2 protein chains.
Amino acid sequence: MKDMSPFKLLMPREKALKEILNAVRPIERTERISLERAVGRVLASDVKADMDVPPFDRSAMDGYAVKAEETFEASQFNPVKLNVVGVLHAGESSDKPIKKGECIRIATGCPIPPGADAVVMMEFTEEKNGIVYIFKPVHPGANIARKGEDIKRGEAILKKGDLLSPAKIGVLASLGHKDVLVYQKPRVAVISTGSEIRDPGSPLEKGQIYDVNSYTLTSILLENGASVTRSPIVSDTIDEVRSAVLRYLDHDLIVFSGGSSVGERDVLVKVVEELGELIFHGVQIKPGKPTLFGLVEGKPILGMPGYPTSCLSNAYLFLVPAIRRMARLPPKIPRKVKAKMGVRIVSASGREQFFTVKIKNGIAYPAFKASGDITSLANADGYIILPVNLDVIEKDEEVTVTLFD
Amino acid sequence: MKDMSPFKLLMPREKALKEILNAVRPIERTERISLERAVGRVLASDVKADMDVPPFDRSAMDGYAVKAEETFEASQFNPVKLNVVGVLHAGESSDKPIKKGECIRIATGCPIPPGADAVVMMEFTEEKNGIVYIFKPVHPGANIARKGEDIKRGEAILKKGDLLSPAKIGVLASLGHKDVLVYQKPRVAVISTGSEIRDPGSPLEKGQIYDVNSYTLTSILLENGASVTRSPIVSDTIDEVRSAVLRYLDHDLIVFSGGSSVGERDVLVKVVEELGELIFHGVQIKPGKPTLFGLVEGKPILGMPGYPTSCLSNAYLFLVPAIRRMARLPPKIPRKVKAKMGVRIVSASGREQFFTVKIKNGIAYPAFKASGDITSLANADGYIILPVNLDVIEKDEEVTVTLFD
């Protein structure tokens with residue numbers, strides 16, 4: 001009985017992830033894009049304010065721009081009277097200084113006219129025949145938003161690497177930026193291999209099945225900030241796989257899936273060893289053992305298992321952190337919930353186990369069927385990672401479920 | 001002193017949200033899109049499997065397809081011998097029944113040939129000159145993935161309204177779907193109003209500021225499943241606002257922002273009352289009081305405050321739940337963390353308060369500057385909602401911060 005397993009020594013999951021994260025590089029290429037489509041992208045240069053926001057002292061209220069000291073004696077029963085010498089509607093401004101005994105009616109947002117140093121809110125005034133009665137004193141500076149109060153000219157307001165949230169987009173807009181320099185999305189080639197695999201939409205012949213993995217991988221990559229090229233299906237031969245690697249080396253990452261049989265699994269190993277460096281082959285996780293990682297001309301090559309569940313579960317574990325690092329996105333922090341196991345689970349694989357569950361009323365039930373079954377994931381709410389050395393989870397035992405959302 | 005406030009009775013936040021959610025309708029229009037770009041979209045029809053997955057009994061392992069009963073006597077020291085009468089590589093199949101004393105070498109994924117009822121794993125065999133030695137017995141069915149084991153023909157596998165996760169995309173691929181019927185994204189028109197507002201990229205004249213709100217609103221809408229038309233800036237006059245409402249009534253939702261001064265705030269109120277029905281105007285929240293909601297020809301119109309922070313904070317509170325309901329996306333469940341207040345906060349507005357904070361080492365510091373200040377949100381990690389009846393949060397008091405992520 002000889003050892004047919006192509007796996008010499010399985011790499012623990014954490015170590016495999018570390019190897020991948022060490023090898024992939026954040027994208028350095030940048031592009032300038034329209035501000036209105038920039039949300040969720042990553043800023044590629046520091047932004048220093050080249051203007052004040054607001055650009056001038058402005059009224060924070062509808063009311064009357066006054067000299068504050070003239071209102072100090074005002075009260076509800078002894079209003080101060082001022083001549084209204086002008087009106088500023090939204091968008092208007094006045095250069096004419098106001099003098100003693102004068103004021104200007106002003107709308108929220110208008111520049112404070114010269115000579116005024118406070119705004120009395122409309123609510124505390126009454127205007128009659130060009131005279132306004134002021135019923136409440138204001139202190140100098142009252143109801144004025146100062147020039148540069150929000151953002152000061154020269155201030156380093158956003159940093160290279162900032163994730164562009166709606167509010168940060170707002171900062172750029174307030175400074176008059178119509179477009180923004182961001183890092184390009186990592187370009188990923190996704191390739192399904194296997195002679196038995198057909199693209200959805202084409203008829204199946206005997207022994208053939210539809211390609212699932214290039215669709216699930218494309219989906220998860222798009223959700224995590226990548227730009228994806230889905231390759232036509234490639235046969236599991238050295239020549240075809242080699243030429244696929246070479247064809248997609250202009251991408252930032254090549255992700256293969258397939259090669260579920262021993263001979264086929266070896267094909268990508270051989271190609272990577274021939275063209276570059278194999279970093280690992282075989283991970284101590286179930287499902288998902290036949291995962292490989294290597295570098296060809298510095299470009300990372302990830303080989304995912306052919307089975308749909310193994311492929312997608314390993315995508316959550318390895319591909320998502322890798323692509324987010326390349327895209328300079330913060331690590332994804334999935335929601336976790338506590339649940340009680342609804343049944344006893346036995347795991348004796350000698351590997352960590354990615355175990356999918358469905359949660360009903362706080363109780364977790366297995367959703368896992370088999371590595372080949374995509375419904376193991378499609379019907380699951382989340383997953384549990386069972387440690388290598390854990391054989392049994394008893395019914396009613398508490399588990400932490402990482403949710404798929 | 002007369003009451004200049006256009007707000008008769010402020011509506012509590014929860015009630016305002018309920019009014020909005022009652023009035024907006026999930027989109028009924030559908031479209032057929034390519035499966036490889038469908039992640040995150042919402043399925044618009046039930047999907048019944050029109051084939052079995054896998055479509056045939058297949059080998060789950062590399063090994064030998066055998067009649068199980070012929071292996072029952074096998075052991076490590078007394079292997080059973082069988083003639084290897086064929087080889088099935090990936091993608092191949094055989095119609096020739098295997099007979100007593102025979103087996104076929106088979107790759108993972110190949111159809112089980114007629115006559116065989118089990119697969120012996122490669123690891124427990126040794127092949128020499130057309131004869132295979134089998135060192136371990138297998139039971140009938142061993143290492144066979146049954147036809148329909150993953151998905152049964154006729155099974156209702158996905159439901160109308162399902163959010164298309166990578167795994168559900170995989171289910172559709174496994175059934176051979178190349179495209180998928182999804183609900184259209186809600187079409188939203190975003191309109192900034194105000195004579196003092198200029199679009200970023202154009203020069204500012206005295207008294208003018210850049211449009212922030214149409215950018216922040218567009219961003220938050222795109223993040224939550226909408227398709228957005230950003231309108232050119234509209235002046236705050238009855239005629240201009242009326243014609244903007246009428247122009248964008250072919251959209252599913254119209255979001256205005258602006259009208260920060262009393263007179264301007266009235267413009268949208270008047271237009272909505274003239275053309276349709278005003279549902280509320282004025283919300284008991286700070287900042288964000290001057291928010292209005294109404295219906296014109298059944299189309300929801302949301303009027304957001306002109307101040308950037310008020311506008312965006314109310315977008316988180318009202319617009320996000322509304323647009324997700326229209327897009328049929330599940331409610332967003334933001335992450336929340338506990339923190340200790342780093343300073344004493346006094347709030348005596350008589351309204352709920354949306355108070356932004358920055359968190360350092362588990363301690364929350366105020367990030368709020370003023371309603372007009374976009375940096376109140378851009379520099380914040382999250383926000384606290386202070387209840388109406390709460391006046392003070394003491395230093396070191398524990399608060400729950402809702403994170404912006």
# chains A, B, ... in the order shown; residues from 1 in each chain; ligands from 1

call {"tool": "select_by_dssp", "arguments": {"residues": "range 102-281 of chain A", "states": "strand (DSSP E or B)", "output": "PDB file with N, CA and C atoms, in the first residue's frame"}}
result
ATOM      1  N   GLU A 102     -27.616 100.358  13.116  1.00  0.00           N
ATOM      2  CA  GLU A 102     -28.063  99.656  11.903  1.00  0.00           C
ATOM      3  C   GLU A 102     -27.931  98.138  12.058  1.00  0.00           C
ATOM      4  N   CYS A 103     -28.662  97.461  11.204  1.00  0.00           N
ATOM      5  CA  CYS A 103     -28.476  96.006  11.095  1.00  0.00           C
ATOM      6  C   CYS A 103     -28.901  95.559   9.704  1.00  0.00           C
ATOM      7  N   ILE A 104     -28.598  94.296   9.381  1.00  0.00           N
ATOM      8  CA  ILE A 104     -28.977  93.732   8.079  1.00  0.00           C
ATOM      9  C   ILE A 104     -29.694  92.409   8.332  1.00  0.00           C
ATOM     10  N   ARG A 105     -30.845  92.251   7.669  1.00  0.00           N
ATOM     11  CA  ARG A 105     -31.533  90.956   7.781  1.00  0.00           C
ATOM     12  C   ARG A 105     -30.713  89.934   6.991  1.00  0.00           C
ATOM     13  N   ILE A 106     -30.512  88.765   7.579  1.00  0.00           N
ATOM     14  CA  ILE A 106     -29.561  87.828   6.971  1.00  0.00           C
ATOM     15  C   ILE A 106     -30.119  86.405   7.020  1.00  0.00           C
ATOM     16  N   PRO A 111     -22.612  85.440   4.258  1.00  0.00           N
ATOM     17  CA  PRO A 111     -21.449  86.028   4.935  1.00  0.00           C
ATOM     18  C   PRO A 111     -21.899  87.145   5.875  1.00  0.00           C
ATOM     19  N   ALA A 118     -22.339  89.728  15.340  1.00  0.00           N
ATOM     20  CA  ALA A 118     -23.245  88.730  15.923  1.00  0.00           C
ATOM     21  C   ALA A 118     -24.517  88.687  15.090  1.00  0.00           C
ATOM     22  N   VAL A 119     -25.277  87.597  15.271  1.00  0.00           N
ATOM     23  CA  VAL A 119     -26.577  87.479  14.608  1.00  0.00           C
ATOM     24  C   VAL A 119     -27.625  87.237  15.692  1.00  0.00           C
ATOM     25  N   VAL A 120     -28.706  88.028  15.644  1.00  0.00           N
ATOM     26  CA  VAL A 120     -29.832  87.795  16.547  1.00  0.00           C
ATOM     27  C   VAL A 120     -30.821  86.894  15.808  1.00  0.00           C
ATOM     28  N   MET A 121     -31.216  85.797  16.429  1.00  0.00           N
ATOM     29  CA  MET A 121     -32.141  84.870  15.770  1.00  0.00           C
ATOM     30  C   MET A 121     -33.485  85.544  15.513  1.00  0.00           C
ATOM     31  N   THR A 125     -36.996  88.616  17.496  1.00  0.00           N
ATOM     32  CA  THR A 125     -37.101  89.934  16.854  1.00  0.00           C
ATOM     33  C   THR A 125     -38.516  90.143  16.318  1.00  0.00           C
ATOM     34  N   GLU A 126     -38.790  91.395  15.998  1.00  0.00           N
ATOM     35  CA  GLU A 126     -40.013  91.704  15.270  1.00  0.00           C
ATOM     36  C   GLU A 126     -39.698  92.901  14.387  1.00  0.00           C
ATOM     37  N   GLU A 127     -40.022  92.808  13.075  1.00  0.00           N
ATOM     38  CA  GLU A 127     -39.688  93.891  12.149  1.00  0.00           C
ATOM     39  C   GLU A 127     -40.949  94.640  11.739  1.00  0.00           C
ATOM     40  N   LYS A 128     -40.884  95.977  11.728  1.00  0.00           N
ATOM     41  CA  LYS A 128     -42.039  96.802  11.348  1.00  0.00           C
ATOM     42  C   LYS A 128     -41.520  98.038  10.650  1.00  0.00           C
ATOM     43  N   ILE A 131     -37.844  98.950  10.730  1.00  0.00           N
ATOM     44  CA  ILE A 131     -37.227  98.951  12.061  1.00  0.00           C
ATOM     45  C   ILE A 131     -37.378  97.548  12.639  1.00  0.00           C
ATOM     46  N   VAL A 132     -36.298  97.034  13.244  1.00  0.00           N
ATOM     47  CA  VAL A 132     -36.432  95.740  13.916  1.00  0.00           C
ATOM     48  C   VAL A 132     -36.316  95.943  15.418  1.00  0.00           C
ATOM     49  N   TYR A 133     -37.217  95.273  16.148  1.00  0.00           N
ATOM     50  CA  TYR A 133     -37.215  95.294  17.606  1.00  0.00           C
ATOM     51  C   TYR A 133     -36.506  94.026  18.066  1.00  0.00           C
ATOM     52  N   ILE A 134     -35.509  94.197  18.904  1.00  0.00           N
ATOM     53  CA  ILE A 134     -34.699  93.062  19.362  1.00  0.00           C
ATOM     54  C   ILE A 134     -34.975  92.840  20.835  1.00  0.00           C
ATOM     55  N   ILE A 144     -22.673  82.889  14.766  1.00  0.00           N
ATOM     56  CA  ILE A 144     -21.776  83.013  13.616  1.00  0.00           C
ATOM     57  C   ILE A 144     -20.944  81.732  13.518  1.00  0.00           C
ATOM     58  N   ALA A 145     -20.912  81.144  12.320  1.00  0.00           N
ATOM     59  CA  ALA A 145     -19.992  80.032  12.061  1.00  0.00           C
ATOM     60  C   ALA A 145     -18.735  80.649  11.466  1.00  0.00           C
ATOM     61  N   ILE A 151     -13.078  73.184   8.497  1.00  0.00           N
ATOM     62  CA  ILE A 151     -11.761  72.762   7.996  1.00  0.00           C
ATOM     63  C   ILE A 151     -10.902  74.008   7.806  1.00  0.00           C
ATOM     64  N   ALA A 156      -4.103  69.107   7.251  1.00  0.00           N
ATOM     65  CA  ALA A 156      -4.021  67.780   6.632  1.00  0.00           C
ATOM     66  C   ALA A 156      -5.301  67.054   7.021  1.00  0.00           C
ATOM     67  N   ILE A 157      -6.255  67.035   6.125  1.00  0.00           N
ATOM     68  CA  ILE A 157      -7.607  66.637   6.505  1.00  0.00           C
ATOM     69  C   ILE A 157      -7.901  65.161   6.230  1.00  0.00           C
ATOM     70  N   LEU A 158      -7.321  64.622   5.149  1.00  0.00           N
ATOM     71  CA  LEU A 158      -7.489  63.187   4.876  1.00  0.00           C
ATOM     72  C   LEU A 158      -6.127  62.595   4.565  1.00  0.00           C
ATOM     73  N   LEU A 163     -10.177  54.988   3.885  1.00  0.00           N
ATOM     74  CA  LEU A 163     -11.315  54.416   3.179  1.00  0.00           C
ATOM     75  C   LEU A 163     -12.349  55.530   2.993  1.00  0.00           C
ATOM     76  N   ASP A 179     -13.060  65.195  -8.399  1.00  0.00           N
ATOM     77  CA  ASP A 179     -12.599  63.823  -8.564  1.00  0.00           C
ATOM     78  C   ASP A 179     -11.537  63.555  -7.515  1.00  0.00           C
ATOM     79  N   VAL A 180     -11.088  62.321  -7.454  1.00  0.00           N
ATOM     80  CA  VAL A 180     -10.204  61.948  -6.360  1.00  0.00           C
ATOM     81  C   VAL A 180      -9.263  60.840  -6.827  1.00  0.00           C
ATOM     82  N   LEU A 181      -8.035  60.912  -6.332  1.00  0.00           N
ATOM     83  CA  LEU A 181      -7.037  59.901  -6.672  1.00  0.00           C
ATOM     84  C   LEU A 181      -7.183  58.721  -5.709  1.00  0.00           C
ATOM     85  N   VAL A 182      -7.487  57.549  -6.247  1.00  0.00           N
ATOM     86  CA  VAL A 182      -7.655  56.360  -5.399  1.00  0.00           C
ATOM     87  C   VAL A 182      -6.723  55.255  -5.901  1.00  0.00           C
ATOM     88  N   TYR A 183      -6.514  54.253  -5.067  1.00  0.00           N
ATOM     89  CA  TYR A 183      -5.775  53.081  -5.519  1.00  0.00           C
ATOM     90  C   TYR A 183      -6.653  52.270  -6.462  1.00  0.00           C
ATOM     91  N   ARG A 187      -6.496  43.455  -9.694  1.00  0.00           N
ATOM     92  CA  ARG A 187      -7.045  42.703 -10.837  1.00  0.00           C
ATOM     93  C   ARG A 187      -6.805  41.216 -10.611  1.00  0.00           C
ATOM     94  N   VAL A 188      -7.864  40.467 -10.572  1.00  0.00           N
ATOM     95  CA  VAL A 188      -7.761  39.039 -10.262  1.00  0.00           C
ATOM     96  C   VAL A 188      -8.289  38.225 -11.431  1.00  0.00           C
ATOM     97  N   ALA A 189      -7.523  37.200 -11.824  1.00  0.00           N
ATOM     98  CA  ALA A 189      -8.011  36.252 -12.828  1.00  0.00           C
ATOM     99  C   ALA A 189      -8.531  35.020 -12.099  1.00  0.00           C
ATOM    100  N   VAL A 190      -9.728  34.595 -12.459  1.00  0.00           N
ATOM    101  CA  VAL A 190     -10.345  33.424 -11.826  1.00  0.00           C
ATOM    102  C   VAL A 190     -10.500  32.342 -12.892  1.00  0.00           C
ATOM    103  N   ILE A 191      -9.933  31.180 -12.606  1.00  0.00           N
ATOM    104  CA  ILE A 191      -9.870  30.129 -13.615  1.00  0.00           C
ATOM    105  C   ILE A 191     -10.363  28.816 -13.038  1.00  0.00           C
ATOM    106  N   SER A 192     -11.410  28.261 -13.626  1.00  0.00           N
ATOM    107  CA  SER A 192     -11.833  26.907 -13.250  1.00  0.00           C
ATOM    108  C   SER A 192     -11.166  25.922 -14.188  1.00  0.00           C
ATOM    109  N   THR A 193     -10.663  24.849 -13.595  1.00  0.00           N
ATOM    110  CA  THR A 193     -10.031  23.831 -14.437  1.00  0.00           C
ATOM    111  C   THR A 193     -10.799  22.524 -14.333  1.00  0.00           C
ATOM    112  N   ILE A 197     -15.891  20.020 -16.565  1.00  0.00           N
ATOM    113  CA  ILE A 197     -16.583  21.247 -16.174  1.00  0.00           C
ATOM    114  C   ILE A 197     -17.112  21.986 -17.403  1.00  0.00           C
ATOM    115  N   ARG A 198     -18.371  22.383 -17.367  1.00  0.00           N
ATOM    116  CA  ARG A 198     -18.958  23.170 -18.457  1.00  0.00           C
ATOM    117  C   ARG A 198     -19.467  24.494 -17.902  1.00  0.00           C
ATOM    118  N   ILE A 209     -20.420  18.371 -15.377  1.00  0.00           N
ATOM    119  CA  ILE A 209     -21.158  19.199 -14.407  1.00  0.00           C
ATOM    120  C   ILE A 209     -20.864  20.669 -14.701  1.00  0.00           C
ATOM    121  N   TYR A 210     -21.687  21.525 -14.138  1.00  0.00           N
ATOM    122  CA  TYR A 210     -21.497  22.949 -14.378  1.00  0.00           C
ATOM    123  C   TYR A 210     -20.427  23.528 -13.460  1.00  0.00           C
ATOM    124  N   SER A 227     -11.304  43.669  -8.951  1.00  0.00           N
ATOM    125  CA  SER A 227     -11.792  43.712 -10.319  1.00  0.00           C
ATOM    126  C   SER A 227     -11.469  42.326 -10.897  1.00  0.00           C
ATOM    127  N   VAL A 228     -12.440  41.661 -11.510  1.00  0.00           N
ATOM    128  CA  VAL A 228     -12.273  40.231 -11.816  1.00  0.00           C
ATOM    129  C   VAL A 228     -12.351  39.941 -13.307  1.00  0.00           C
ATOM    130  N   THR A 229     -11.408  39.122 -13.791  1.00  0.00           N
ATOM    131  CA  THR A 229     -11.512  38.519 -15.115  1.00  0.00           C
ATOM    132  C   THR A 229     -11.844  37.048 -14.922  1.00  0.00           C
ATOM    133  N   ARG A 230     -13.016  36.630 -15.391  1.00  0.00           N
ATOM    134  CA  ARG A 230     -13.368  35.209 -15.301  1.00  0.00           C
ATOM    135  C   ARG A 230     -12.892  34.548 -16.583  1.00  0.00           C
ATOM    136  N   VAL A 234     -10.394  25.803 -18.285  1.00  0.00           N
ATOM    137  CA  VAL A 234      -9.099  25.307 -18.750  1.00  0.00           C
ATOM    138  C   VAL A 234      -9.005  23.816 -18.391  1.00  0.00           C
ATOM    139  N   LEU A 253      -3.300  38.779  -9.148  1.00  0.00           N
ATOM    140  CA  LEU A 253      -3.507  37.518  -8.434  1.00  0.00           C
ATOM    141  C   LEU A 253      -4.205  36.575  -9.398  1.00  0.00           C
ATOM    142  N   ILE A 254      -3.775  35.318  -9.396  1.00  0.00           N
ATOM    143  CA  ILE A 254      -4.462  34.315 -10.209  1.00  0.00           C
ATOM    144  C   ILE A 254      -5.029  33.271  -9.260  1.00  0.00           C
ATOM    145  N   VAL A 255      -6.325  33.021  -9.384  1.00  0.00           N
ATOM    146  CA  VAL A 255      -6.965  32.028  -8.528  1.00  0.00           C
ATOM    147  C   VAL A 255      -7.472  30.888  -9.397  1.00  0.00           C
ATOM    148  N   PHE A 256      -6.908  29.718  -9.180  1.00  0.00           N
ATOM    149  CA  PHE A 256      -7.377  28.515  -9.863  1.00  0.00           C
ATOM    150  C   PHE A 256      -8.329  27.768  -8.943  1.00  0.00           C
ATOM    151  N   SER A 257      -9.270  27.059  -9.523  1.00  0.00           N
ATOM    152  CA  SER A 257      -9.980  26.076  -8.720  1.00  0.00           C
ATOM    153  C   SER A 257     -10.170  24.840  -9.556  1.00  0.00           C
ATOM    154  N   GLU A 277       7.736  29.527  -7.504  1.00  0.00           N
ATOM    155  CA  GLU A 277       8.022  28.953  -6.194  1.00  0.00           C
ATOM    156  C   GLU A 277       6.722  28.505  -5.533  1.00  0.00           C
ATOM    157  N   LEU A 278       6.676  27.254  -5.120  1.00  0.00           N
ATOM    158  CA  LEU A 278       5.518  26.746  -4.392  1.00  0.00           C
ATOM    159  C   LEU A 278       5.723  27.062  -2.915  1.00  0.00           C
ATOM    160  N   ILE A 279       4.764  27.752  -2.298  1.00  0.00           N
ATOM    161  CA  ILE A 279       4.931  28.125  -0.888  1.00  0.00           C
ATOM    162  C   ILE A 279       4.279  27.108   0.038  1.00  0.00           C
ATOM    163  N   PHE A 280       3.069  26.685  -0.288  1.00  0.00           N
ATOM    164  CA  PHE A 280       2.523  25.526   0.417  1.00  0.00           C
ATOM    165  C   PHE A 280       1.523  24.790  -0.457  1.00  0.00           C
ATOM    166  N   HIS A 281       1.319  23.539  -0.121  1.00  0.00           N
ATOM    167  CA  HIS A 281       0.308  22.723  -0.784  1.00  0.00           C
ATOM    168  C   HIS A 281      -0.277  21.796   0.259  1.00  0.00           C
TER     169      HIS A 281
END

call {"tool": "interface_residues", "arguments": {"of": "chain A", "to": "chain B", "cutoff": "6 Å", "atoms": "only C-alpha atoms", "output": "ChimeraX atom specification"}}
result
/A:1,4,36,39,62,90-91,93,107-108,110-111,123,125-126,150,166-168,170,173-174,176-178,195-196,200-201,207,210,212,215-216,219-220,261,373,377-378

call {"tool": "residues_around", "arguments": {"residues": "Asn224 in chain A", "least_positions_apart": "6", "cutoff": "7 Å", "atoms": "only C-alpha atoms", "output": "mmCIF file with N, CA and C atoms, in the first residue's frame"}}
result
data_model
loop_
_atom_site.group_PDB
_atom_site.id
_atom_site.type_symbol
_atom_site.label_atom_id
_atom_site.label_comp_id
_atom_site.auth_asym_id
_atom_site.auth_seq_id
_atom_site.Cartn_x
_atom_site.Cartn_y
_atom_site.Cartn_z
ATOM 1 N N VAL A 320 -10.440 36.126 1.011
ATOM 2 C CA VAL A 320 -10.975 37.422 1.455
ATOM 3 C C VAL A 320 -9.899 38.254 2.171
ATOM 4 N N ILE A 323 -7.333 39.430 -0.563
ATOM 5 C CA ILE A 323 -7.759 40.453 -1.522
ATOM 6 C C ILE A 323 -7.987 41.792 -0.826
ATOM 7 N N ARG A 324 -8.444 41.744 0.418
ATOM 8 C CA ARG A 324 -8.647 43.010 1.136
ATOM 9 C C ARG A 324 -7.302 43.679 1.438
#

call {"tool": "residues_around", "arguments": {"residues": "range 349-355 of chain A", "least_positions_apart": "5", "cutoff": "6 Å", "atoms": "only C-alpha atoms", "output": "list in words"}}
result
Gln284, Ile285, Lys286, Tyr383, Ile384, Ile385, Leu386, Pro387 and Val388 of chain A

call {"tool": "write_last_selection", "arguments": {"atoms": "C-alpha atoms", "output": "short mmCIF file (atom, residue, chain, number, x, y, z; two decimals), in the first residue's frame"}}
result
data_model
loop_
_atom_site.label_atom_id
_atom_site.label_comp_id
_atom_site.auth_asym_id
_atom_site.auth_seq_id
_atom_site.Cartn_x
_atom_site.Cartn_y
_atom_site.Cartn_z
CA GLN A 284 -4.86 21.34 7.83
CA ILE A 285 -8.53 22.26 7.36
CA LYS A 286 -11.60 20.23 6.46
CA TYR A 383 -19.94 28.53 10.34
CA ILE A 384 -18.08 27.19 13.34
CA ILE A 385 -14.37 26.46 13.26
CA LEU A 386 -13.80 23.21 15.16
CA PRO A 387 -10.23 23.01 16.51
CA VAL A 388 -7.86 20.24 15.39
#

call {"tool": "residues_around", "arguments": {"residues": "Leu292 in chain A", "least_positions_apart": "3", "cutoff": "12 Å", "atoms": "only C-alpha atoms", "output": "compact mmCIF listing (two decimals) with C-alpha atoms, in the first residue's frame"}}
result
# COMPACT_ATOMS: atom_id res chain seq x y z
CA PRO A 6 0.37 14.43 -2.78
CA PHE A 7 0.42 16.28 0.53
CA LEU A 10 -0.34 19.88 5.94
CA MET A 11 0.10 23.50 6.93
CA ARG A 13 -4.62 27.28 8.73
CA ALA A 16 -1.12 29.29 5.69
CA LEU A 17 -2.97 32.58 6.05
CA GLU A 19 2.17 32.96 4.35
CA ILE A 20 -0.42 34.37 1.96
CA ILE A 254 -4.46 34.31 -10.21
CA VAL A 255 -6.97 32.03 -8.53
CA PHE A 256 -7.38 28.51 -9.86
CA SER A 257 -9.98 26.08 -8.72
CA GLY A 258 -10.36 22.45 -9.61
CA GLY A 259 -8.09 19.55 -9.96
CA ARG A 265 -4.06 18.38 -8.32
CA ASP A 266 -0.48 17.78 -9.25
CA VAL A 267 -0.77 19.74 -12.46
CA LEU A 268 -0.87 23.18 -10.86
CA VAL A 269 1.80 22.14 -8.34
CA LYS A 270 4.10 21.16 -11.19
CA VAL A 271 3.42 24.33 -13.16
CA VAL A 272 4.04 26.58 -10.16
CA GLU A 273 7.23 24.69 -9.28
CA GLU A 277 8.02 28.95 -6.19
CA LEU A 278 5.52 26.75 -4.39
CA ILE A 279 4.93 28.12 -0.89
CA PHE A 280 2.52 25.53 0.42
CA HIS A 281 0.31 22.72 -0.78
CA GLY A 282 -2.16 21.22 1.63
CA VAL A 283 -3.83 22.94 4.58
CA GLN A 284 -4.86 21.34 7.83
CA GLY A 288 -10.31 22.50 1.90
CA LYS A 289 -7.17 20.46 2.30
CA LEU A 295 4.50 32.82 -6.61
CA PRO A 300 0.62 35.18 -6.20
CA ILE A 301 -1.13 32.05 -7.44
CA LEU A 302 -3.81 30.53 -5.26
CA GLY A 303 -5.03 27.04 -6.07
CA MET A 304 -8.40 26.28 -4.53
CA PRO A 305 -10.01 22.87 -4.15
CA GLY A 306 -12.37 21.78 -6.90
CA CYS A 311 -13.45 26.14 -2.61
CA ASN A 314 -11.43 28.45 1.82
CA PHE A 318 -7.83 32.85 2.78
CA LEU A 319 -8.94 34.72 -0.32

call {"tool": "select_by_dssp", "arguments": {"residues": "range 56-290 of chain B", "states": "alpha helix (DSSP H)", "output": "ChimeraX atom specification"}}
result
/B:166-174,213-223,238-247,262-275

call {"tool": "write_last_selection", "arguments": {"atoms": "C-alpha atoms", "output": "tab-separated table (two decimals), in the first residue's frame"}}
result
chain	number	residue	atom	x	y	z
B	166	PRO	CA	-21.69	33.92	-3.25
B	167	ALA	CA	-23.04	30.50	-2.21
B	168	LYS	CA	-26.50	31.15	-3.70
B	169	ILE	CA	-24.80	32.33	-6.91
B	170	GLY	CA	-23.05	28.95	-6.76
B	171	VAL	CA	-26.38	27.14	-6.50
B	172	LEU	CA	-27.61	28.90	-9.66
B	173	ALA	CA	-24.36	28.07	-11.47
B	174	SER	CA	-24.59	24.42	-10.44
B	213	ASN	CA	-24.94	66.87	0.42
B	214	SER	CA	-25.57	65.51	-3.04
B	215	TYR	CA	-22.20	63.72	-2.77
B	216	THR	CA	-22.73	62.28	0.70
B	217	LEU	CA	-26.29	61.24	-0.16
B	218	THR	CA	-25.22	59.67	-3.45
B	219	SER	CA	-22.49	57.76	-1.63
B	220	ILE	CA	-24.73	56.39	1.09
B	221	LEU	CA	-27.39	55.47	-1.46
B	222	LEU	CA	-24.91	53.61	-3.66
B	223	GLU	CA	-23.66	51.72	-0.60
B	238	ILE	CA	-41.19	77.47	-5.74
B	239	ASP	CA	-40.96	77.27	-9.54
B	240	GLU	CA	-37.54	75.62	-9.63
B	241	VAL	CA	-38.31	73.14	-6.87
B	242	ARG	CA	-41.72	72.30	-8.35
B	243	SER	CA	-40.21	71.63	-11.75
B	244	ALA	CA	-37.47	69.48	-10.16
B	245	VAL	CA	-40.10	67.38	-8.39
B	246	LEU	CA	-42.05	66.94	-11.63
B	247	ARG	CA	-38.89	66.20	-13.63
B	262	VAL	CA	-36.67	79.62	7.10
B	263	GLY	CA	-38.06	80.91	3.84
B	264	GLU	CA	-36.28	78.28	1.80
B	265	ARG	CA	-37.34	75.47	4.09
B	266	ASP	CA	-40.89	76.48	3.31
B	267	VAL	CA	-40.39	76.12	-0.43
B	268	LEU	CA	-40.32	72.32	-0.49
B	269	VAL	CA	-43.15	72.19	2.06
B	270	LYS	CA	-45.31	74.34	-0.19
B	271	VAL	CA	-44.47	72.37	-3.32
B	272	VAL	CA	-45.22	69.03	-1.66
B	273	GLU	CA	-48.48	70.36	-0.22
B	274	GLU	CA	-49.45	71.76	-3.60
B	275	LEU	CA	-48.62	68.64	-5.63

call {"tool": "atom_distance", "arguments": {"atom1": "CA of Glu70 in chain B", "atom2": "CA of Ala116 in chain B"}}
result
10.5 Å

call {"tool": "atom_distance", "arguments": {"atom1": "CA of Ala367 in chain A", "atom2": "CA of Lys159 in chain B"}}
result
17.6 Å

call {"tool": "atom_distance", "arguments": {"atom1": "CA of Lys160 in chain A", "atom2": "CA of Val47 in chain A"}}
result
7.6 Å

call {"tool": "closest_residue", "arguments": {"among": "A:Arg146, A:Leu249, A:Leu329, A:Pro137", "to": "Ser75 in chain A", "atoms": "only C-alpha atoms"}}
result
A:Pro137
